[in-house]
Amino acid sequence: MKIETKDLCFSYNGKDYIVNNLNYTFEGGKCYVLEGRNGSGKTTLSKLLCGILKPQKGRVEYDGVDIAKQKLSVISQKVGYLFQNPDYQFFASKVLDELSFPYQLNGDYCQEIAHKINDLLSQFKLEHLKESFPLLLSGGEKQRLALAVIFLRDVEFLILDEPSNAIDNEGKRFAAKLVNDFVSSGGGVLIITHDDDLRAMLDNAVSISLEELNEN
(Lines give C-alpha, C1' and ligand atoms only; values in the text may rest on other atoms or scores of the structure.)
Protein backbone atom coordinates (compact mmCIF):
# COMPACT_ATOMS: atom_id res chain seq x y z
CA MET A 1 0.00 0.00 0.00
CA LYS A 2 1.17 3.51 -0.83
CA ILE A 3 -0.03 6.75 0.81
CA GLU A 4 0.69 9.95 -1.08
CA THR A 5 0.17 13.57 -0.10
CA LYS A 6 -0.25 16.02 -2.96
CA ASP A 7 0.02 19.75 -2.21
CA LEU A 8 -1.50 18.94 1.18
CA CYS A 9 -2.44 21.94 3.36
CA PHE A 10 -4.20 22.27 6.70
CA SER A 11 -4.79 25.17 9.10
CA TYR A 12 -6.81 25.46 12.30
CA ASN A 13 -7.42 29.20 11.86
CA GLY A 14 -7.83 29.34 8.10
CA LYS A 15 -4.60 31.21 7.36
CA ASP A 16 -1.53 29.84 9.18
CA TYR A 17 -0.90 26.44 7.59
CA ILE A 18 0.53 23.90 10.01
CA VAL A 19 0.79 21.47 7.08
CA ASN A 20 1.85 23.52 4.07
CA ASN A 21 1.98 22.27 0.48
CA LEU A 22 3.26 18.87 1.56
CA ASN A 23 4.19 16.34 -1.10
CA TYR A 24 5.46 12.98 0.10
CA THR A 25 5.00 9.24 -0.50
CA PHE A 26 4.78 6.68 2.31
CA GLU A 27 5.41 3.19 0.97
CA GLY A 28 4.54 -0.26 2.23
CA GLY A 29 7.43 -2.28 3.59
CA LYS A 30 8.98 0.76 5.26
CA CYS A 31 8.90 2.33 8.72
CA TYR A 32 8.95 6.12 8.94
CA VAL A 33 9.70 8.05 12.13
CA LEU A 34 8.17 11.53 12.08
CA GLU A 35 10.24 13.95 14.13
CA GLY A 36 9.86 17.60 15.08
CA ARG A 37 9.24 19.99 17.93
CA ASN A 38 6.08 19.88 20.02
CA GLY A 39 3.23 21.71 18.33
CA SER A 40 4.80 21.48 14.88
CA GLY A 41 1.84 19.58 13.45
CA LYS A 42 2.94 15.94 13.59
CA THR A 43 -0.33 14.67 15.07
CA THR A 44 -2.27 16.87 12.65
CA LEU A 45 -0.49 15.24 9.72
CA SER A 46 -1.12 11.77 11.12
CA LYS A 47 -4.85 12.49 11.40
CA LEU A 48 -4.91 13.81 7.84
CA LEU A 49 -3.28 10.60 6.62
CA CYS A 50 -5.90 8.37 8.25
CA GLY A 51 -8.93 10.50 7.35
CA ILE A 52 -9.81 11.84 10.81
CA LEU A 53 -9.08 15.35 9.50
CA LYS A 54 -9.88 16.48 5.97
CA PRO A 55 -7.44 18.52 3.82
CA GLN A 56 -8.29 22.18 3.29
CA LYS A 57 -6.18 22.14 0.14
CA GLY A 58 -4.55 19.31 -1.77
CA ARG A 59 -5.27 15.67 -1.15
CA VAL A 60 -4.24 12.36 0.37
CA GLU A 61 -4.34 9.29 -1.87
CA TYR A 62 -4.27 5.59 -1.06
CA ASP A 63 -2.88 3.74 -4.09
CA GLY A 64 -4.09 6.58 -6.29
CA VAL A 65 -7.56 6.93 -4.72
CA ASP A 66 -8.50 10.24 -3.02
CA ILE A 67 -9.46 9.34 0.56
CA ALA A 68 -11.75 12.39 0.77
CA LYS A 69 -14.14 10.30 -1.32
CA GLN A 70 -14.07 7.38 1.11
CA LYS A 71 -15.87 6.86 4.42
CA LEU A 72 -13.79 6.72 7.59
CA SER A 73 -15.09 3.19 8.21
CA VAL A 74 -13.63 2.11 4.86
CA ILE A 75 -10.31 3.87 5.47
CA SER A 76 -9.95 2.21 8.88
CA GLN A 77 -9.98 -1.21 7.21
CA LYS A 78 -6.73 -0.27 5.49
CA VAL A 79 -5.05 2.11 7.95
CA GLY A 80 -4.86 1.55 11.69
CA TYR A 81 -4.42 4.59 13.94
CA LEU A 82 -3.15 4.46 17.53
CA PHE A 83 -3.95 7.59 19.53
CA GLN A 84 -1.50 9.03 22.05
CA ASN A 85 -4.07 8.10 24.70
CA PRO A 86 -5.56 4.64 23.92
CA ASP A 87 -8.48 5.41 26.27
CA TYR A 88 -10.08 7.29 23.37
CA GLN A 89 -10.31 4.02 21.41
CA PHE A 90 -12.24 1.95 23.96
CA PHE A 91 -16.02 1.57 24.08
CA ALA A 92 -16.82 -1.80 25.66
CA SER A 93 -16.94 -2.93 29.29
CA LYS A 94 -14.66 -5.96 28.78
CA VAL A 95 -11.44 -6.58 26.88
CA LEU A 96 -13.06 -9.48 25.00
CA ASP A 97 -16.04 -7.34 24.03
CA GLU A 98 -13.75 -4.58 22.79
CA LEU A 99 -12.54 -6.97 20.13
CA SER A 100 -15.83 -8.68 19.31
CA PHE A 101 -18.52 -5.99 19.53
CA PRO A 102 -18.01 -4.38 16.07
CA TYR A 103 -18.61 -7.77 14.46
CA GLN A 104 -21.55 -8.57 16.72
CA LEU A 105 -23.01 -5.13 15.96
CA ASN A 106 -22.78 -5.73 12.20
CA GLY A 107 -23.92 -9.33 12.41
CA ASP A 108 -20.54 -10.53 11.10
CA TYR A 109 -19.42 -12.40 14.20
CA CYS A 110 -18.60 -16.02 13.37
CA GLN A 111 -16.36 -18.88 14.45
CA GLU A 112 -13.52 -17.61 12.27
CA ILE A 113 -13.61 -14.21 14.00
CA ALA A 114 -13.80 -15.89 17.42
CA HIS A 115 -10.67 -17.93 16.64
CA LYS A 116 -8.87 -14.86 15.38
CA ILE A 117 -9.75 -12.94 18.56
CA ASN A 118 -8.43 -15.76 20.71
CA ASP A 119 -5.19 -15.79 18.73
CA LEU A 120 -4.80 -12.02 19.14
CA LEU A 121 -5.48 -12.22 22.89
CA SER A 122 -2.61 -14.69 23.10
CA GLN A 123 -0.30 -12.73 20.76
CA PHE A 124 -0.87 -9.47 22.67
CA LYS A 125 -0.65 -11.13 26.10
CA LEU A 126 -4.22 -10.28 27.06
CA GLU A 127 -5.75 -13.73 27.63
CA HIS A 128 -5.80 -13.36 31.41
CA LEU A 129 -7.45 -9.93 31.09
CA LYS A 130 -10.29 -10.75 28.69
CA GLU A 131 -12.97 -10.15 31.36
CA SER A 132 -11.32 -6.95 32.64
CA PHE A 133 -12.57 -3.38 32.16
CA PRO A 134 -10.31 -1.78 29.50
CA LEU A 135 -9.96 1.58 31.26
CA LEU A 136 -8.57 -0.13 34.37
CA LEU A 137 -5.68 -1.76 32.53
CA SER A 138 -2.10 -0.54 32.83
CA GLY A 139 -0.66 1.77 30.20
CA GLY A 140 1.10 -1.06 28.41
CA GLU A 141 -1.97 -3.31 28.54
CA LYS A 142 -4.17 -0.55 27.11
CA GLN A 143 -1.75 -0.05 24.26
CA ARG A 144 -1.63 -3.76 23.48
CA LEU A 145 -5.43 -3.91 23.48
CA ALA A 146 -5.72 -0.93 21.14
CA LEU A 147 -3.18 -2.54 18.81
CA ALA A 148 -4.99 -5.90 18.95
CA VAL A 149 -8.21 -4.16 17.86
CA ILE A 150 -6.32 -2.61 14.93
CA PHE A 151 -4.69 -5.90 13.89
CA LEU A 152 -8.03 -7.66 13.95
CA ARG A 153 -8.87 -5.65 10.81
CA ASP A 154 -5.84 -6.85 8.82
CA VAL A 155 -4.75 -3.30 8.05
CA GLU A 156 -2.00 -2.52 5.54
CA PHE A 157 -0.60 0.61 7.18
CA LEU A 158 -0.10 1.65 10.83
CA ILE A 159 0.08 5.17 12.21
CA LEU A 160 1.27 5.27 15.81
CA ASP A 161 1.20 8.56 17.72
CA GLU A 162 3.75 8.52 20.58
CA PRO A 163 3.34 4.76 21.14
CA SER A 164 5.88 4.59 23.96
CA ASN A 165 3.93 6.93 26.24
CA ALA A 166 3.19 5.30 29.62
CA ILE A 167 4.91 1.99 28.82
CA ASP A 168 8.10 0.44 30.19
CA ASN A 169 11.08 -1.00 28.32
CA GLU A 170 9.38 -4.37 27.94
CA GLY A 171 6.42 -2.62 26.35
CA LYS A 172 8.74 -0.76 24.00
CA ARG A 173 10.40 -3.99 22.94
CA PHE A 174 7.01 -5.55 22.29
CA ALA A 175 5.88 -2.55 20.20
CA ALA A 176 9.15 -2.44 18.26
CA LYS A 177 9.01 -6.15 17.41
CA LEU A 178 5.41 -5.78 16.31
CA VAL A 179 6.37 -2.93 14.00
CA ASN A 180 9.46 -4.69 12.65
CA ASP A 181 7.50 -7.86 11.89
CA PHE A 182 4.67 -5.88 10.27
CA VAL A 183 7.11 -4.02 8.01
CA SER A 184 8.91 -7.26 7.13
CA SER A 185 5.58 -8.67 5.95
CA GLY A 186 5.07 -5.69 3.63
CA GLY A 187 3.12 -3.31 5.83
CA GLY A 188 3.87 0.39 6.13
CA VAL A 189 4.30 2.24 9.43
CA LEU A 190 4.49 5.90 10.44
CA ILE A 191 5.55 6.53 14.04
CA ILE A 192 5.51 9.85 15.84
CA THR A 193 7.99 9.68 18.71
CA HIS A 194 10.61 11.56 20.67
CA ASP A 195 11.79 8.31 22.28
CA ASP A 196 15.37 7.54 21.26
CA ASP A 197 15.23 4.12 22.95
CA LEU A 198 12.23 3.05 20.87
CA ARG A 199 13.79 4.56 17.76
CA ALA A 200 16.91 2.43 18.28
CA MET A 201 14.80 -0.75 18.40
CA LEU A 202 13.29 -0.15 14.95
CA ASP A 203 14.88 -1.82 11.93
CA ASN A 204 15.96 0.51 9.09
CA ALA A 205 13.53 3.28 10.05
CA VAL A 206 13.45 6.37 7.83
CA SER A 207 13.57 9.63 9.81
CA ILE A 208 11.56 12.53 8.40
CA SER A 209 10.80 16.01 9.72
CA LEU A 210 7.52 17.85 9.14
CA GLU A 211 9.40 21.14 9.06
CA GLU A 212 11.55 19.83 6.20
CA LEU A 213 8.60 18.27 4.39
CA ASN A 214 6.75 21.60 4.53
CA GLU A 215 9.71 23.33 2.92
CA ASN A 216 9.92 20.95 -0.06
# chains A, B, ... in the order shown; residues from 1 in each chain; ligands from 1
>>> residues_around(residues="segment 168-183 of chain A", least_positions_apart="5", cutoff="9 Å", atoms="only C-alpha atoms", output="PyMOL selection string")
chain A and resi 28-31+124+139-141+143-144+156-158+163+188-189+197-199+201-203
>>> select_by_dssp(residues="segment 3-76 of chain A", states="strand (DSSP E or B)", output="PyMOL selection string")
chain A and resi 3-10+19-27+31-35+57-62+65-66
>>> residues_around(residues="Gln89 of chain A", least_positions_apart="3", cutoff="10 Å", atoms="only C-alpha atoms", output="PyMOL selection string")
chain A and resi 81-83+85-86+92+98+134+142-143+145-146+149
>>> write_last_selection(atoms="all heavy atoms", output="CSV table (one decimal), in the first residue's frame")
chain,number,residue,atom,x,y,z
A,81,TYR,N,-4.9,3.4,13.3
A,81,TYR,CA,-4.4,4.6,13.9
A,81,TYR,C,-4.4,4.4,15.4
A,81,TYR,O,-5.5,4.1,16.0
A,81,TYR,CB,-5.3,5.8,13.6
A,81,TYR,CG,-4.7,7.1,14.1
A,81,TYR,CD1,-3.8,7.8,13.4
A,81,TYR,CD2,-5.2,7.6,15.3
A,81,TYR,CE1,-3.3,9.0,13.9
A,81,TYR,CE2,-4.7,8.8,15.8
A,81,TYR,CZ,-3.7,9.5,15.1
A,81,TYR,OH,-3.2,10.7,15.6
A,82,LEU,N,-3.3,4.6,16.1
A,82,LEU,CA,-3.1,4.5,17.5
A,82,LEU,C,-3.0,5.9,18.1
A,82,LEU,O,-2.0,6.6,17.8
A,82,LEU,CB,-1.9,3.6,17.9
A,82,LEU,CG,-1.7,3.5,19.4
A,82,LEU,CD1,-2.8,2.5,20.0
A,82,LEU,CD2,-0.3,2.9,19.7
A,83,PHE,N,-4.0,6.3,18.9
A,83,PHE,CA,-4.0,7.6,19.5
A,83,PHE,C,-2.9,7.6,20.6
A,83,PHE,O,-2.5,6.6,21.2
A,83,PHE,CB,-5.3,7.9,20.2
A,83,PHE,CG,-6.4,8.3,19.2
A,83,PHE,CD1,-7.1,7.3,18.5
A,83,PHE,CD2,-6.7,9.6,19.0
A,83,PHE,CE1,-8.1,7.6,17.6
A,83,PHE,CE2,-7.7,9.9,18.1
A,83,PHE,CZ,-8.4,8.9,17.4
A,85,ASN,N,-3.4,8.6,23.5
A,85,ASN,CA,-4.1,8.1,24.7
A,85,ASN,C,-5.0,7.0,24.2
A,85,ASN,O,-6.1,7.3,23.7
A,85,ASN,CB,-4.8,9.2,25.4
A,85,ASN,CG,-5.5,8.7,26.7
A,85,ASN,OD1,-5.5,7.5,27.0
A,85,ASN,ND2,-6.0,9.6,27.5
A,86,PRO,N,-4.7,5.7,24.4
A,86,PRO,CA,-5.6,4.6,23.9
A,86,PRO,C,-7.0,4.7,24.5
A,86,PRO,O,-7.9,4.0,24.0
A,86,PRO,CB,-4.8,3.4,24.3
A,86,PRO,CG,-3.4,3.8,24.5
A,86,PRO,CD,-3.5,5.2,25.0
A,92,ALA,N,-16.1,-0.7,25.0
A,92,ALA,CA,-16.8,-1.8,25.7
A,92,ALA,C,-16.4,-1.9,27.1
A,92,ALA,O,-15.5,-1.3,27.6
A,92,ALA,CB,-16.5,-3.1,24.9
A,98,GLU,N,-14.4,-5.6,23.6
A,98,GLU,CA,-13.7,-4.6,22.8
A,98,GLU,C,-13.3,-5.1,21.4
A,98,GLU,O,-13.4,-4.4,20.4
A,98,GLU,CB,-12.5,-4.0,23.5
A,98,GLU,CG,-12.0,-2.7,23.0
A,98,GLU,CD,-13.0,-1.6,23.3
A,98,GLU,OE1,-13.4,-1.4,24.4
A,98,GLU,OE2,-13.3,-0.9,22.3
A,134,PRO,N,-11.5,-2.3,30.2
A,134,PRO,CA,-10.3,-1.8,29.5
A,134,PRO,C,-9.7,-0.5,30.2
A,134,PRO,O,-8.5,-0.4,30.2
A,134,PRO,CB,-10.9,-1.4,28.1
A,134,PRO,CG,-12.0,-2.4,27.9
A,134,PRO,CD,-12.6,-2.6,29.3
A,142,LYS,N,-3.2,-1.3,28.0
A,142,LYS,CA,-4.2,-0.6,27.1
A,142,LYS,C,-3.6,-0.4,25.7
A,142,LYS,O,-4.4,-0.6,24.7
A,142,LYS,CB,-4.4,0.8,27.7
A,142,LYS,CG,-5.2,0.9,29.0
A,142,LYS,CD,-5.3,2.3,29.5
A,142,LYS,CE,-6.1,2.4,30.8
A,142,LYS,NZ,-6.2,3.8,31.3
A,143,GLN,N,-2.3,-0.2,25.6
A,143,GLN,CA,-1.8,0.0,24.3
A,143,GLN,C,-1.9,-1.4,23.5
A,143,GLN,O,-2.2,-1.4,22.3
A,143,GLN,CB,-0.3,0.4,24.3
A,143,GLN,CG,0.3,0.7,23.0
A,143,GLN,CD,1.8,0.7,23.0
A,143,GLN,OE1,2.5,-0.3,23.1
A,143,GLN,NE2,2.4,1.9,22.9
A,145,LEU,N,-4.0,-3.7,23.9
A,145,LEU,CA,-5.4,-3.9,23.5
A,145,LEU,C,-5.8,-3.1,22.3
A,145,LEU,O,-6.4,-3.6,21.3
A,145,LEU,CB,-6.4,-3.6,24.7
A,145,LEU,CG,-7.9,-3.7,24.4
A,145,LEU,CD1,-8.3,-5.0,23.8
A,145,LEU,CD2,-8.7,-3.3,25.6
A,146,ALA,N,-5.4,-1.8,22.3
A,146,ALA,CA,-5.7,-0.9,21.1
A,146,ALA,C,-5.1,-1.5,19.9
A,146,ALA,O,-5.7,-1.4,18.8
A,146,ALA,CB,-5.2,0.5,21.4
A,149,VAL,N,-7.0,-4.6,18.6
A,149,VAL,CA,-8.2,-4.2,17.9
A,149,VAL,C,-7.9,-3.8,16.4
A,149,VAL,O,-8.6,-4.1,15.5
A,149,VAL,CB,-8.9,-3.0,18.6
A,149,VAL,CG1,-10.1,-2.5,17.7
A,149,VAL,CG2,-9.4,-3.5,19.9
>>> residues_around(residues="Ser76 of chain A", least_positions_apart="4", cutoff="9 Å", atoms="only C-alpha atoms", output="PDB file with all heavy atoms, in the first residue's frame")
ATOM      1  N   CYS A  50      -4.953   9.468   7.987  1.00  0.00           N
ATOM      2  CA  CYS A  50      -5.901   8.371   8.246  1.00  0.00           C
ATOM      3  C   CYS A  50      -7.350   8.823   8.099  1.00  0.00           C
ATOM      4  O   CYS A  50      -8.268   8.053   8.390  1.00  0.00           O
ATOM      5  CB  CYS A  50      -5.671   7.763   9.626  1.00  0.00           C
ATOM      6  SG  CYS A  50      -6.121   8.835  10.991  1.00  0.00           S
ATOM      7  N   GLY A  51      -7.577  10.063   7.660  1.00  0.00           N
ATOM      8  CA  GLY A  51      -8.934  10.496   7.352  1.00  0.00           C
ATOM      9  C   GLY A  51      -9.714  11.106   8.495  1.00  0.00           C
ATOM     10  O   GLY A  51     -10.868  11.497   8.309  1.00  0.00           O
ATOM     11  N   LYS A  71     -15.400   6.750   3.051  1.00  0.00           N
ATOM     12  CA  LYS A  71     -15.871   6.860   4.423  1.00  0.00           C
ATOM     13  C   LYS A  71     -14.758   6.455   5.387  1.00  0.00           C
ATOM     14  O   LYS A  71     -13.906   5.625   5.052  1.00  0.00           O
ATOM     15  CB  LYS A  71     -17.095   5.959   4.637  1.00  0.00           C
ATOM     16  CG  LYS A  71     -18.333   6.374   3.847  1.00  0.00           C
ATOM     17  CD  LYS A  71     -19.488   5.439   4.139  1.00  0.00           C
ATOM     18  CE  LYS A  71     -20.748   5.852   3.382  1.00  0.00           C
ATOM     19  NZ  LYS A  71     -21.877   4.919   3.644  1.00  0.00           N
ATOM     20  N   LEU A  72     -14.809   7.031   6.590  1.00  0.00           N
ATOM     21  CA  LEU A  72     -13.793   6.717   7.592  1.00  0.00           C
ATOM     22  C   LEU A  72     -13.805   5.229   7.929  1.00  0.00           C
ATOM     23  O   LEU A  72     -12.761   4.629   8.188  1.00  0.00           O
ATOM     24  CB  LEU A  72     -14.041   7.546   8.860  1.00  0.00           C
ATOM     25  CG  LEU A  72     -12.929   7.565   9.909  1.00  0.00           C
ATOM     26  CD1 LEU A  72     -11.625   8.067   9.306  1.00  0.00           C
ATOM     27  CD2 LEU A  72     -13.336   8.425  11.095  1.00  0.00           C
ATOM     28  N   GLY A  80      -4.593   1.580  10.262  1.00  0.00           N
ATOM     29  CA  GLY A  80      -4.861   1.551  11.694  1.00  0.00           C
ATOM     30  C   GLY A  80      -4.192   2.725  12.385  1.00  0.00           C
ATOM     31  O   GLY A  80      -3.012   3.008  12.118  1.00  0.00           O
ATOM     32  N   TYR A  81      -4.935   3.399  13.267  1.00  0.00           N
ATOM     33  CA  TYR A  81      -4.418   4.592  13.941  1.00  0.00           C
ATOM     34  C   TYR A  81      -4.427   4.376  15.443  1.00  0.00           C
ATOM     35  O   TYR A  81      -5.468   4.060  16.035  1.00  0.00           O
ATOM     36  CB  TYR A  81      -5.270   5.803  13.588  1.00  0.00           C
ATOM     37  CG  TYR A  81      -4.737   7.115  14.124  1.00  0.00           C
ATOM     38  CD1 TYR A  81      -3.767   7.819  13.420  1.00  0.00           C
ATOM     39  CD2 TYR A  81      -5.182   7.647  15.331  1.00  0.00           C
ATOM     40  CE1 TYR A  81      -3.269   9.029  13.898  1.00  0.00           C
ATOM     41  CE2 TYR A  81      -4.695   8.840  15.820  1.00  0.00           C
ATOM     42  CZ  TYR A  81      -3.738   9.525  15.100  1.00  0.00           C
ATOM     43  OH  TYR A  81      -3.240  10.714  15.591  1.00  0.00           O
ATOM     44  N   ILE A 150      -6.761  -3.029  16.270  1.00  0.00           N
ATOM     45  CA  ILE A 150      -6.316  -2.614  14.933  1.00  0.00           C
ATOM     46  C   ILE A 150      -5.939  -3.828  14.084  1.00  0.00           C
ATOM     47  O   ILE A 150      -6.351  -3.947  12.929  1.00  0.00           O
ATOM     48  CB  ILE A 150      -5.124  -1.647  15.049  1.00  0.00           C
ATOM     49  CG1 ILE A 150      -5.575  -0.305  15.633  1.00  0.00           C
ATOM     50  CG2 ILE A 150      -4.460  -1.438  13.685  1.00  0.00           C
ATOM     51  CD1 ILE A 150      -4.434   0.635  15.992  1.00  0.00           C
ATOM     52  N   ARG A 153      -8.343  -6.103  12.098  1.00  0.00           N
ATOM     53  CA  ARG A 153      -8.874  -5.654  10.811  1.00  0.00           C
ATOM     54  C   ARG A 153      -7.943  -5.949   9.640  1.00  0.00           C
ATOM     55  O   ARG A 153      -8.270  -5.610   8.502  1.00  0.00           O
ATOM     56  CB  ARG A 153      -9.153  -4.138  10.864  1.00  0.00           C
ATOM     57  CG  ARG A 153     -10.139  -3.727  11.927  1.00  0.00           C
ATOM     58  CD  ARG A 153     -10.650  -2.322  11.672  1.00  0.00           C
ATOM     59  NE  ARG A 153      -9.601  -1.319  11.742  1.00  0.00           N
ATOM     60  CZ  ARG A 153      -9.268  -0.649  12.836  1.00  0.00           C
ATOM     61  NH1 ARG A 153      -9.895  -0.910  13.985  1.00  0.00           N
ATOM     62  NH2 ARG A 153      -8.313   0.266  12.818  1.00  0.00           N
ATOM     63  N   VAL A 155      -5.100  -4.549   8.716  1.00  0.00           N
ATOM     64  CA  VAL A 155      -4.751  -3.296   8.047  1.00  0.00           C
ATOM     65  C   VAL A 155      -3.443  -3.445   7.274  1.00  0.00           C
ATOM     66  O   VAL A 155      -2.664  -4.371   7.505  1.00  0.00           O
ATOM     67  CB  VAL A 155      -4.640  -2.134   9.067  1.00  0.00           C
ATOM     68  CG1 VAL A 155      -5.969  -1.897   9.746  1.00  0.00           C
ATOM     69  CG2 VAL A 155      -3.541  -2.408  10.102  1.00  0.00           C
TER      70      VAL A 155
END
>>> residues_around(residues="segment 1-12 of chain A", least_positions_apart="5", cutoff="10 Å", atoms="only C-alpha atoms", output="ChimeraX atom specification")
/A:17-29,41,44-45,48-50,53-67,78-79,155-157,186-188,214
>>> residues_around(residues="Val33 of chain A", least_positions_apart="6", cutoff="9 Å", atoms="only C-alpha atoms", output="list in words")
Val189, Leu190, Ile191, Ile192, Thr193, Arg199, Ala205, Val206, Ser207, Ile208 and Ser209 of chain A
>>> write_last_selection(atoms="N, CA and C atoms", output="PDB file, in the first residue's frame")
ATOM      1  N   VAL A 189       4.493   1.689   8.079  1.00  0.00           N
ATOM      2  CA  VAL A 189       4.302   2.244   9.427  1.00  0.00           C
ATOM      3  C   VAL A 189       4.825   3.673   9.478  1.00  0.00           C
ATOM      4  N   LEU A 190       4.040   4.544  10.110  1.00  0.00           N
ATOM      5  CA  LEU A 190       4.486   5.897  10.442  1.00  0.00           C
ATOM      6  C   LEU A 190       4.391   6.049  11.949  1.00  0.00           C
ATOM      7  N   ILE A 191       5.505   6.372  12.584  1.00  0.00           N
ATOM      8  CA  ILE A 191       5.551   6.529  14.035  1.00  0.00           C
ATOM      9  C   ILE A 191       5.935   7.950  14.382  1.00  0.00           C
ATOM     10  N   ILE A 192       5.143   8.571  15.261  1.00  0.00           N
ATOM     11  CA  ILE A 192       5.513   9.852  15.843  1.00  0.00           C
ATOM     12  C   ILE A 192       6.120   9.566  17.213  1.00  0.00           C
ATOM     13  N   THR A 193       7.362   9.957  17.414  1.00  0.00           N
ATOM     14  CA  THR A 193       7.990   9.684  18.708  1.00  0.00           C
ATOM     15  C   THR A 193       9.170  10.605  18.945  1.00  0.00           C
ATOM     16  N   ARG A 199      13.248   4.331  19.113  1.00  0.00           N
ATOM     17  CA  ARG A 199      13.790   4.557  17.762  1.00  0.00           C
ATOM     18  C   ARG A 199      14.935   3.589  17.474  1.00  0.00           C
ATOM     19  N   ALA A 205      14.565   2.243  10.076  1.00  0.00           N
ATOM     20  CA  ALA A 205      13.529   3.281  10.046  1.00  0.00           C
ATOM     21  C   ALA A 205      14.040   4.520   9.312  1.00  0.00           C
ATOM     22  N   VAL A 206      13.141   5.149   8.570  1.00  0.00           N
ATOM     23  CA  VAL A 206      13.448   6.366   7.828  1.00  0.00           C
ATOM     24  C   VAL A 206      12.995   7.567   8.654  1.00  0.00           C
ATOM     25  N   SER A 207      13.907   8.443   9.027  1.00  0.00           N
ATOM     26  CA  SER A 207      13.565   9.626   9.813  1.00  0.00           C
ATOM     27  C   SER A 207      13.163  10.767   8.883  1.00  0.00           C
ATOM     28  N   ILE A 208      12.022  11.374   9.181  1.00  0.00           N
ATOM     29  CA  ILE A 208      11.561  12.532   8.404  1.00  0.00           C
ATOM     30  C   ILE A 208      11.105  13.617   9.369  1.00  0.00           C
ATOM     31  N   SER A 209      11.172  14.853   8.907  1.00  0.00           N
ATOM     32  CA  SER A 209      10.801  16.006   9.724  1.00  0.00           C
ATOM     33  C   SER A 209       9.682  16.771   9.024  1.00  0.00           C
TER      34      SER A 209
END
>>> residues_around(residues="Leu126 of chain A", least_positions_apart="4", cutoff="10 Å", atoms="only C-alpha atoms", output="PyMOL selection string")
chain A and resi 95-96+118+120-122+130-132+141-142+144-145+148
>>> select_by_dssp(residues="segment 50-190 of chain A", states="helix (DSSP H, G or I)", output="PyMOL selection string")
chain A and resi 67-69+72-75+86-89+95-106+111-123+127-129+134-136+139-151+169-184
